[in-house]
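Below is one structure, written out as structure tokens, with a few remarks after it.
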Amino acid sequence: MGAFPLLRAVRYNSGMEKELITEEIRKTLRETLKGLESEVAIEVFAGKGVNEHYSNAAHELVEALAEISPKIQASYFEIGGEQAKKRDVKRSPVVLLAPDAYSIRLTGAPLGEEGRSFLMSLLMLSAKSVILSPQSVQRIAGLKEKRFVEVFVSPTCPYCPQQVLYAVSAAIVRPDLVAVDVIEIFENQDIAATRGVRSVPQTFVNGILVAQGAEPEEYFVESLLTLREPEAVIPGESEGEQAIDLLIVGAGPAGLTAAIYAGRSGLSATVIERRTIGGQIMITPVVENYPGFARIAGRSLVELMVQQALQYTKIRTSEDVVTVTRQGERYVVQTSRMLYRAKGIIIASGADSRHLGVPGEEEFVGKGVSYCAECDGYFYKDGKQVVVVGGGNTAVTEALYLHGLGAKVTLVHRRAGLRAEQRLQESLLKTDVAILWNTEVLEILGERSVTGVRVRSTQTDEISSLSADGVFLAIGYVPNNEMAHLLKLPMSESGYIVADARQRTALPLVYAAGDVTGGVKQIVVAVGQGSVAAIAAFEDIASPYWIEKSV
């Protein structure tokens, strides 16, 4: 699919004490619902005294949609009534979308990030359109057996809407065989507990776990068809071929900035992103050190960058690089969906969270072990015990975020002092977050899910255990350097791409920018490197520095 629609019309209010649908949100909803092409029926089911805050929120949201657009046909029913029995609805709240034509169910109120997927689902159902490529549609159309897709989500997870919309698309393509249930884990903790789900998104097909986290489109389709997690992307029939000046790999701050500068220089450029637009910023609760914004949500900053970048370039998500070759004066890049012939490449693929490498970590990923507080912290907001491991900016930010949600937080750090910015440290010390200094995690404990950690004092060697419902790891990053391996670029011992002051790598017209180059991992640094890379590409395409000039 192309750039993911950044619909953020519905935001979650933790106490439900304020009006959910403000006038500002109604204005956004009016603009969004203008895109409805035909009527869409919505059925809301709720039980008295059951998840009452969330049931009221679901009712208020759907009621507002029906008031704004005559194409929304809303009906409201009680649990236990005839309609609930007919639809086999037993939980509260439940929202059914176009239930006479499709089997698409939202178990829980569609708030926060799930407001995005809810609204987008309505637009898709109205137009009978999907976000899948023609190749994926063709594969799903050939499905022979029934599929029941469950996607576990939370209101704060920026990666969840994409996975939900893939599932909804599958249900639209094959309404006779594909049923979808989008389950909010906090409102439905009993369901989550039976599956050991404590992180989102997680996707089950016919009761089988096929994905932890958001998947590229090809992975989702493969897991839907085969009932197992794919091991690698195998490109199908290409959507086509594109000749461009610059292919920018990665849609984080470096890649988006490079796209803006490339476009303004007159270069044709395309940005591809295998995951979610925005990179690490998208899961940063609050950014306080970006010039011009004293305090801004990470996802809001991403939206501003995307809006500007889209004025100059296309952004294609869920697209993975498979092969890269040099043919004549162009780099030929085969992705999972497209063939690009580019004069130059800017690698801005960023970095992923580093794993701790202790027993229990891999076993309990998604079952209490997490690398993203904004994605998964919502589950712990009712006073559950969580451990945050690390001592840098990310660790302290996540500890503050989890504490703000209502979790009981313990920060475990192997040194005697934090490496985070002074302002973050001061904010942390004002809270009741417990800090275990000079302590390292030896093992993550649990049975079906996390129950605690075993730790060791680095001063006394004393070993003890700490109870915890969740463990959030924030101990640094490892570079996404697959492109560097494909191109055989020089890298540091840690795997970061070696680039000069103009972001040039060892290959002509191949540049690297942002976290994939190592160094100081800050948004402003990535933005600066992205702009430098694009400017260097413009100059080098016009006047290749590696070609010896004759006098």
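Chain labels follow the order of the structure tokens: the first chain is A, the next B, and so on; residue numbering restarts at 1 in every chain, and ligands are counted from 1 in their shown order.
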
Give me the residues within 6 Å of segment 339-355 of chain A as a ChimeraX atom specification, counting only C-alpha atoms and dropping any in the same chain fewer than 4 places off.
-> /A:241-250,254-255,330-334,476-480,509-516

Residue neighbourhood Lys408 of chain A, 9 Å, only C-alpha atoms, exclusion window fewer than 4 positions, as a list of chain:residue names =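 Result of the neighbour search: A:Tyr380, A:Lys381, A:Asp382, A:Gly383, A:Lys384, A:Gln385, A:Val386, A:Val387, A:Leu402, A:His403, A:Asp432, A:Val433, A:Ala434.
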
Val95 of chain A environment, 10 Å, only C-alpha atoms, sequence neighbours closer than 6 positions dropped, as a PDB file with C-alpha atoms, in the first residue's frame:
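So result-v4.pdb came out as:
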ATOM      1  CA  ILE A  42     -22.843  -0.193  12.527  1.00  0.00           C
ATOM      2  CA  GLU A  43     -24.266  -2.199  15.406  1.00  0.00           C
ATOM      3  CA  VAL A  44     -23.172  -1.358  18.962  1.00  0.00           C
ATOM      4  CA  PHE A  45     -23.740  -3.875  21.758  1.00  0.00           C
ATOM      5  CA  ALA A  46     -23.385  -3.063  25.460  1.00  0.00           C
ATOM      6  CA  SER A  55     -19.485   1.033  26.453  1.00  0.00           C
ATOM      7  CA  ALA A  58     -18.319   3.383  21.975  1.00  0.00           C
ATOM      8  CA  HIS A  59     -21.945   4.562  21.986  1.00  0.00           C
ATOM      9  CA  VAL A  62     -20.840   5.906  16.878  1.00  0.00           C
ATOM     10  CA  SER A  75     -28.163   0.690  15.811  1.00  0.00           C
ATOM     11  CA  TYR A  76     -27.773   0.017  19.539  1.00  0.00           C
ATOM     12  CA  VAL A  89     -22.355 -11.185  20.946  1.00  0.00           C
ATOM     13  CA  ILE A 104     -15.868  -7.670  11.202  1.00  0.00           C
ATOM     14  CA  ARG A 105     -16.058  -7.251  14.972  1.00  0.00           C
ATOM     15  CA  LEU A 106     -14.424  -4.769  17.342  1.00  0.00           C
ATOM     16  CA  THR A 107     -14.362  -6.220  20.856  1.00  0.00           C
ATOM     17  CA  GLY A 108     -13.773  -3.093  22.891  1.00  0.00           C
ATOM     18  CA  ALA A 109     -14.280   0.606  22.267  1.00  0.00           C
ATOM     19  CA  PRO A 110     -12.341   1.883  19.200  1.00  0.00           C
ATOM     20  CA  PHE A 118     -12.085   2.165  12.803  1.00  0.00           C
ATOM     21  CA  ASP A 181     -12.176  -9.807  15.621  1.00  0.00           C
ATOM     22  CA  VAL A 182     -10.171  -6.788  16.821  1.00  0.00           C
TER      23      VAL A 182
END

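Considering only C-alpha atoms, the residue among A:Val50, A:Leu411, A:Ala251, A:Ile444 positioned nearest to Ala526 of chain A is A:Ala251.
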
For segment 158-172 of chain A, list every protein, DNA or RNA residue within 9 Å, evaluated using only C-alpha atoms, and leave out those in the same chain fewer than 4 positions away; present the list as a VMD selection string.
-> chain A and resid 4 101 to 104 113 to 118 120 to 121 124 to 125 128 to 132 137 140 to 141 149 to 154 176 to 182 200 to 203 213 to 217 220 to 221 224 275 to 276 282 to 283 299 374 to 375

Within segment 7-239 of chain A, find each residue whose DSSP state, derived from the backbone, is alpha helix (DSSP H), and express the selection as a PyMOL selection string.
-> chain A and resi 23-33+52-68+82-87+113-127+134-141+160-173+189-195+217-226

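Between atom CA of Ala262 of chain A and atom CA of Gly530 of chain A there is a distance of 9.6 Å.
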
Using atom CA of Asn289 of chain A and atom CA of Gln529 of chain A as the two end points, give the distance in Å to one decimal.
-> 17.1 Å

Using only C-alpha atoms, which of A:Glu39, A:Asp469, A:Glu82, A:Glu222 sits nearest Pro70 of chain A?
->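 The answer is A:Glu39, which sits nearest to Pro70 of chain A.
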
Which of segment 289-443 of chain A end up as strand (DSSP E or B) when DSSP is run on this backbone - answer as a PDB file with N, CA and C atoms, in the first residue's frame?
ATOM      1  N   TYR A 290      13.148  18.964  20.438  1.00  0.00           N
ATOM      2  CA  TYR A 290      13.150  19.263  19.006  1.00  0.00           C
ATOM      3  C   TYR A 290      12.863  20.750  18.832  1.00  0.00           C
ATOM      4  N   PHE A 293       9.430  23.136  19.204  1.00  0.00           N
ATOM      5  CA  PHE A 293       8.390  22.483  19.990  1.00  0.00           C
ATOM      6  C   PHE A 293       8.930  22.218  21.394  1.00  0.00           C
ATOM      7  N   ILE A 296       6.066  17.954  22.404  1.00  0.00           N
ATOM      8  CA  ILE A 296       5.179  17.451  21.361  1.00  0.00           C
ATOM      9  C   ILE A 296       5.202  15.922  21.380  1.00  0.00           C
ATOM     10  N   LYS A 314       6.532  10.270  -2.993  1.00  0.00           N
ATOM     11  CA  LYS A 314       5.650   9.184  -2.587  1.00  0.00           C
ATOM     12  C   LYS A 314       6.303   8.436  -1.425  1.00  0.00           C
ATOM     13  N   ILE A 315       5.458   7.968  -0.503  1.00  0.00           N
ATOM     14  CA  ILE A 315       5.938   7.144   0.603  1.00  0.00           C
ATOM     15  C   ILE A 315       5.197   5.816   0.530  1.00  0.00           C
ATOM     16  N   ARG A 316       5.952   4.748   0.388  1.00  0.00           N
ATOM     17  CA  ARG A 316       5.355   3.413   0.254  1.00  0.00           C
ATOM     18  C   ARG A 316       5.755   2.570   1.467  1.00  0.00           C
ATOM     19  N   THR A 317       4.748   2.093   2.201  1.00  0.00           N
ATOM     20  CA  THR A 317       5.019   1.292   3.387  1.00  0.00           C
ATOM     21  C   THR A 317       4.901  -0.189   3.085  1.00  0.00           C
ATOM     22  N   VAL A 321      13.300  -4.469   0.917  1.00  0.00           N
ATOM     23  CA  VAL A 321      14.302  -4.662  -0.136  1.00  0.00           C
ATOM     24  C   VAL A 321      14.728  -6.127  -0.164  1.00  0.00           C
ATOM     25  N   VAL A 322      14.729  -6.713  -1.364  1.00  0.00           N
ATOM     26  CA  VAL A 322      15.106  -8.119  -1.531  1.00  0.00           C
ATOM     27  C   VAL A 322      16.493  -8.244  -2.164  1.00  0.00           C
ATOM     28  N   THR A 323      16.723  -7.528  -3.268  1.00  0.00           N
ATOM     29  CA  THR A 323      18.026  -7.573  -3.934  1.00  0.00           C
ATOM     30  C   THR A 323      18.412  -6.177  -4.409  1.00  0.00           C
ATOM     31  N   VAL A 324      19.723  -5.959  -4.536  1.00  0.00           N
ATOM     32  CA  VAL A 324      20.258  -4.712  -5.096  1.00  0.00           C
ATOM     33  C   VAL A 324      21.414  -5.071  -6.015  1.00  0.00           C
ATOM     34  N   THR A 325      21.377  -4.557  -7.238  1.00  0.00           N
ATOM     35  CA  THR A 325      22.489  -4.761  -8.172  1.00  0.00           C
ATOM     36  C   THR A 325      22.802  -3.440  -8.861  1.00  0.00           C
ATOM     37  N   ARG A 326      24.004  -3.365  -9.382  1.00  0.00           N
ATOM     38  CA  ARG A 326      24.416  -2.184 -10.146  1.00  0.00           C
ATOM     39  C   ARG A 326      24.389  -2.548 -11.618  1.00  0.00           C
ATOM     40  N   GLN A 327      23.581  -1.831 -12.407  1.00  0.00           N
ATOM     41  CA  GLN A 327      23.494  -2.066 -13.846  1.00  0.00           C
ATOM     42  C   GLN A 327      23.734  -0.745 -14.564  1.00  0.00           C
ATOM     43  N   ARG A 330      22.860   2.893 -13.028  1.00  0.00           N
ATOM     44  CA  ARG A 330      21.747   2.864 -12.069  1.00  0.00           C
ATOM     45  C   ARG A 330      21.851   1.669 -11.119  1.00  0.00           C
ATOM     46  N   TYR A 331      21.268   1.863  -9.948  1.00  0.00           N
ATOM     47  CA  TYR A 331      21.099   0.767  -9.002  1.00  0.00           C
ATOM     48  C   TYR A 331      19.715   0.162  -9.222  1.00  0.00           C
ATOM     49  N   VAL A 332      19.674  -1.133  -9.411  1.00  0.00           N
ATOM     50  CA  VAL A 332      18.409  -1.835  -9.616  1.00  0.00           C
ATOM     51  C   VAL A 332      18.028  -2.493  -8.292  1.00  0.00           C
ATOM     52  N   VAL A 333      16.936  -2.023  -7.722  1.00  0.00           N
ATOM     53  CA  VAL A 333      16.497  -2.489  -6.407  1.00  0.00           C
ATOM     54  C   VAL A 333      15.172  -3.222  -6.556  1.00  0.00           C
ATOM     55  N   GLN A 334      15.182  -4.503  -6.252  1.00  0.00           N
ATOM     56  CA  GLN A 334      13.949  -5.293  -6.254  1.00  0.00           C
ATOM     57  C   GLN A 334      13.421  -5.354  -4.822  1.00  0.00           C
ATOM     58  N   THR A 335      12.220  -4.847  -4.629  1.00  0.00           N
ATOM     59  CA  THR A 335      11.593  -4.945  -3.315  1.00  0.00           C
ATOM     60  C   THR A 335      10.544  -6.046  -3.354  1.00  0.00           C
ATOM     61  N   LEU A 339      10.061  -2.859  -8.682  1.00  0.00           N
ATOM     62  CA  LEU A 339      11.429  -2.804  -9.193  1.00  0.00           C
ATOM     63  C   LEU A 339      11.779  -1.338  -9.424  1.00  0.00           C
ATOM     64  N   TYR A 340      12.852  -0.888  -8.787  1.00  0.00           N
ATOM     65  CA  TYR A 340      13.287   0.497  -8.921  1.00  0.00           C
ATOM     66  C   TYR A 340      14.624   0.549  -9.650  1.00  0.00           C
ATOM     67  N   ARG A 341      14.736   1.496 -10.571  1.00  0.00           N
ATOM     68  CA  ARG A 341      16.010   1.806 -11.211  1.00  0.00           C
ATOM     69  C   ARG A 341      16.368   3.225 -10.787  1.00  0.00           C
ATOM     70  N   ALA A 342      17.286   3.324  -9.838  1.00  0.00           N
ATOM     71  CA  ALA A 342      17.595   4.611  -9.225  1.00  0.00           C
ATOM     72  C   ALA A 342      19.034   5.019  -9.494  1.00  0.00           C
ATOM     73  N   LYS A 343      19.235   6.315  -9.721  1.00  0.00           N
ATOM     74  CA  LYS A 343      20.600   6.819  -9.873  1.00  0.00           C
ATOM     75  C   LYS A 343      21.360   6.729  -8.549  1.00  0.00           C
ATOM     76  N   GLY A 344      20.639   6.953  -7.459  1.00  0.00           N
ATOM     77  CA  GLY A 344      21.282   6.919  -6.150  1.00  0.00           C
ATOM     78  C   GLY A 344      20.367   6.344  -5.091  1.00  0.00           C
ATOM     79  N   ILE A 345      20.961   5.993  -3.961  1.00  0.00           N
ATOM     80  CA  ILE A 345      20.220   5.407  -2.841  1.00  0.00           C
ATOM     81  C   ILE A 345      20.636   6.114  -1.557  1.00  0.00           C
ATOM     82  N   ILE A 346      19.662   6.482  -0.753  1.00  0.00           N
ATOM     83  CA  ILE A 346      19.935   6.967   0.598  1.00  0.00           C
ATOM     84  C   ILE A 346      19.403   5.923   1.574  1.00  0.00           C
ATOM     85  N   ILE A 347      20.303   5.346   2.356  1.00  0.00           N
ATOM     86  CA  ILE A 347      19.911   4.342   3.348  1.00  0.00           C
ATOM     87  C   ILE A 347      19.642   5.061   4.666  1.00  0.00           C
ATOM     88  N   ALA A 351      17.472   1.995  13.387  1.00  0.00           N
ATOM     89  CA  ALA A 351      17.978   0.952  14.281  1.00  0.00           C
ATOM     90  C   ALA A 351      16.824   0.395  15.097  1.00  0.00           C
ATOM     91  N   ASP A 352      16.971  -0.831  15.532  1.00  0.00           N
ATOM     92  CA  ASP A 352      15.968  -1.501  16.357  1.00  0.00           C
ATOM     93  C   ASP A 352      16.486  -1.678  17.776  1.00  0.00           C
ATOM     94  N   SER A 353      15.572  -1.940  18.684  1.00  0.00           N
ATOM     95  CA  SER A 353      15.934  -2.118  20.090  1.00  0.00           C
ATOM     96  C   SER A 353      16.865  -3.309  20.278  1.00  0.00           C
ATOM     97  N   VAL A 365       8.662 -12.761  24.979  1.00  0.00           N
ATOM     98  CA  VAL A 365       8.354 -11.618  24.114  1.00  0.00           C
ATOM     99  C   VAL A 365       6.867 -11.675  23.759  1.00  0.00           C
ATOM    100  N   VAL A 369       7.384  -9.374  28.086  1.00  0.00           N
ATOM    101  CA  VAL A 369       8.629  -8.713  27.667  1.00  0.00           C
ATOM    102  C   VAL A 369       8.312  -7.792  26.497  1.00  0.00           C
ATOM    103  N   SER A 370       8.736  -6.542  26.608  1.00  0.00           N
ATOM    104  CA  SER A 370       8.410  -5.557  25.576  1.00  0.00           C
ATOM    105  C   SER A 370       9.584  -4.617  25.355  1.00  0.00           C
ATOM    106  N   GLN A 385       2.710  -4.227  38.251  1.00  0.00           N
ATOM    107  CA  GLN A 385       4.136  -4.032  38.506  1.00  0.00           C
ATOM    108  C   GLN A 385       4.927  -4.206  37.214  1.00  0.00           C
ATOM    109  N   VAL A 386       5.775  -3.226  36.888  1.00  0.00           N
ATOM    110  CA  VAL A 386       6.622  -3.351  35.705  1.00  0.00           C
ATOM    111  C   VAL A 386       8.065  -2.993  36.059  1.00  0.00           C
ATOM    112  N   VAL A 387       8.977  -3.623  35.340  1.00  0.00           N
ATOM    113  CA  VAL A 387      10.405  -3.331  35.467  1.00  0.00           C
ATOM    114  C   VAL A 387      10.879  -2.723  34.158  1.00  0.00           C
ATOM    115  N   VAL A 388      11.595  -1.615  34.239  1.00  0.00           N
ATOM    116  CA  VAL A 388      12.239  -1.009  33.076  1.00  0.00           C
ATOM    117  C   VAL A 388      13.740  -1.200  33.237  1.00  0.00           C
ATOM    118  N   VAL A 389      14.388  -1.736  32.213  1.00  0.00           N
ATOM    119  CA  VAL A 389      15.823  -2.015  32.277  1.00  0.00           C
ATOM    120  C   VAL A 389      16.565  -1.020  31.395  1.00  0.00           C
ATOM    121  N   LYS A 408       3.076   0.548  38.473  1.00  0.00           N
ATOM    122  CA  LYS A 408       4.078   0.655  39.529  1.00  0.00           C
ATOM    123  C   LYS A 408       5.423   0.260  38.928  1.00  0.00           C
ATOM    124  N   VAL A 409       6.337   1.221  38.854  1.00  0.00           N
ATOM    125  CA  VAL A 409       7.544   1.065  38.042  1.00  0.00           C
ATOM    126  C   VAL A 409       8.790   0.932  38.904  1.00  0.00           C
ATOM    127  N   THR A 410       9.638  -0.026  38.527  1.00  0.00           N
ATOM    128  CA  THR A 410      10.985  -0.135  39.088  1.00  0.00           C
ATOM    129  C   THR A 410      11.980  -0.048  37.939  1.00  0.00           C
ATOM    130  N   LEU A 411      12.928   0.885  38.047  1.00  0.00           N
ATOM    131  CA  LEU A 411      13.974   1.034  37.038  1.00  0.00           C
ATOM    132  C   LEU A 411      15.217   0.286  37.510  1.00  0.00           C
ATOM    133  N   VAL A 412      15.711  -0.620  36.676  1.00  0.00           N
ATOM    134  CA  VAL A 412      16.904  -1.402  37.004  1.00  0.00           C
ATOM    135  C   VAL A 412      18.046  -0.931  36.113  1.00  0.00           C
ATOM    136  N   ALA A 434      10.780   3.413  41.748  1.00  0.00           N
ATOM    137  CA  ALA A 434      11.904   2.830  42.485  1.00  0.00           C
ATOM    138  C   ALA A 434      13.076   2.604  41.535  1.00  0.00           C
ATOM    139  N   ILE A 435      14.287   2.837  42.013  1.00  0.00           N
ATOM    140  CA  ILE A 435      15.480   2.642  41.183  1.00  0.00           C
ATOM    141  C   ILE A 435      16.417   1.666  41.881  1.00  0.00           C
ATOM    142  N   LEU A 436      16.777   0.612  41.179  1.00  0.00           N
ATOM    143  CA  LEU A 436      17.778  -0.333  41.672  1.00  0.00           C
ATOM    144  C   LEU A 436      19.099  -0.026  40.974  1.00  0.00           C
ATOM    145  N   THR A 439      22.678  -2.824  39.423  1.00  0.00           N
ATOM    146  CA  THR A 439      21.937  -4.086  39.371  1.00  0.00           C
ATOM    147  C   THR A 439      21.753  -4.516  37.925  1.00  0.00           C
ATOM    148  N   GLU A 440      21.980  -5.785  37.657  1.00  0.00           N
ATOM    149  CA  GLU A 440      21.764  -6.306  36.314  1.00  0.00           C
ATOM    150  C   GLU A 440      20.757  -7.452  36.342  1.00  0.00           C
ATOM    151  N   VAL A 441      20.015  -7.582  35.245  1.00  0.00           N
ATOM    152  CA  VAL A 441      19.022  -8.643  35.123  1.00  0.00           C
ATOM    153  C   VAL A 441      19.704  -9.907  34.615  1.00  0.00           C
ATOM    154  N   LEU A 442      19.520 -11.005  35.339  1.00  0.00           N
ATOM    155  CA  LEU A 442      20.101 -12.290  34.950  1.00  0.00           C
ATOM    156  C   LEU A 442      19.119 -13.167  34.190  1.00  0.00           C
ATOM    157  N   GLU A 443      17.823 -13.043  34.527  1.00  0.00           N
ATOM    158  CA  GLU A 443      16.823 -13.933  33.944  1.00  0.00           C
ATOM    159  C   GLU A 443      15.446 -13.300  34.077  1.00  0.00           C
TER     160      GLU A 443
END

With a distance cut-off of 10 Å and only C-alpha atoms, select the neighbouring residues of Ala373 of chain A, excluding the residue or stretch itself and same-chain residues fewer than 6 positions from it, and output the selection as a list in words.
-> Thr156, Cys157, Ser199, Ile283, Thr284, Pro285, Phe379, Tyr380, Val388, Thr394, Ala395, Thr397, Glu398, Ala399, Leu400, Tyr401, Leu402, Val471, Phe472, Leu473 and Ala474 of chain A

Generate the output file for the selected residues, C-alpha atoms, as a JSON list (two decimals), in the first residue's frame.
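Output file out.json is given in full below:
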[["chain", "number", "residue", "atom", "x", "y", "z"],
["A", 156, "THR", "CA", -1.82, 3.67, 22.42],
["A", 157, "CYS", "CA", -0.21, 1.34, 19.86],
["A", 199, "SER", "CA", 1.94, -6.80, 23.97],
["A", 283, "ILE", "CA", 6.79, 5.19, 19.76],
["A", 284, "THR", "CA", 8.27, 8.11, 21.71],
["A", 285, "PRO", "CA", 5.52, 9.40, 24.02],
["A", 379, "PHE", "CA", -2.12, -3.02, 29.62],
["A", 380, "TYR", "CA", -0.35, -2.20, 32.91],
["A", 388, "VAL", "CA", 12.24, -1.01, 33.08],
["A", 394, "THR", "CA", 14.82, 5.90, 26.34],
["A", 395, "ALA", "CA", 14.72, 3.98, 29.62],
["A", 397, "THR", "CA", 11.29, 8.26, 29.19],
["A", 398, "GLU", "CA", 9.60, 4.86, 29.23],
["A", 399, "ALA", "CA", 9.68, 4.71, 33.03],
["A", 400, "LEU", "CA", 8.03, 8.14, 33.22],
["A", 401, "TYR", "CA", 5.44, 7.17, 30.62],
["A", 402, "LEU", "CA", 4.52, 3.93, 32.41],
["A", 471, "VAL", "CA", 9.56, -6.09, 31.68],
["A", 472, "PHE", "CA", 10.43, -3.22, 29.34],
["A", 473, "LEU", "CA", 13.92, -3.33, 27.86],
["A", 474, "ALA", "CA", 15.58, -0.05, 26.85]]

Which residue gives the smallest distance to Arg91 of chain A among A:Ala211, A:Ala484, A:Ile183, A:Ala506, with only C-alpha atoms counted?
->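 Checking each of A:Ala211, A:Ala484, A:Ile183, A:Ala506 against Arg91 of chain A, counting only C-alpha atoms, the winner is A:Ile183.
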
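Shortest separation to Leu429 of chain A among A:Arg337, A:Ser92, A:Val396, A:Gly470 occurs at residue A:Val396, atoms counted being only C-alpha atoms.
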
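Atom CA of Thr517 of chain A sits 4.9 Å away from atom CA of Tyr496 of chain A.
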
Residue with the minimum atom-to-atom distance to Gln459 of chain A, picked from A:Trp437, A:Ile208, A:Asn393, A:Ile497 with only C-alpha atoms counted, is A:Trp437
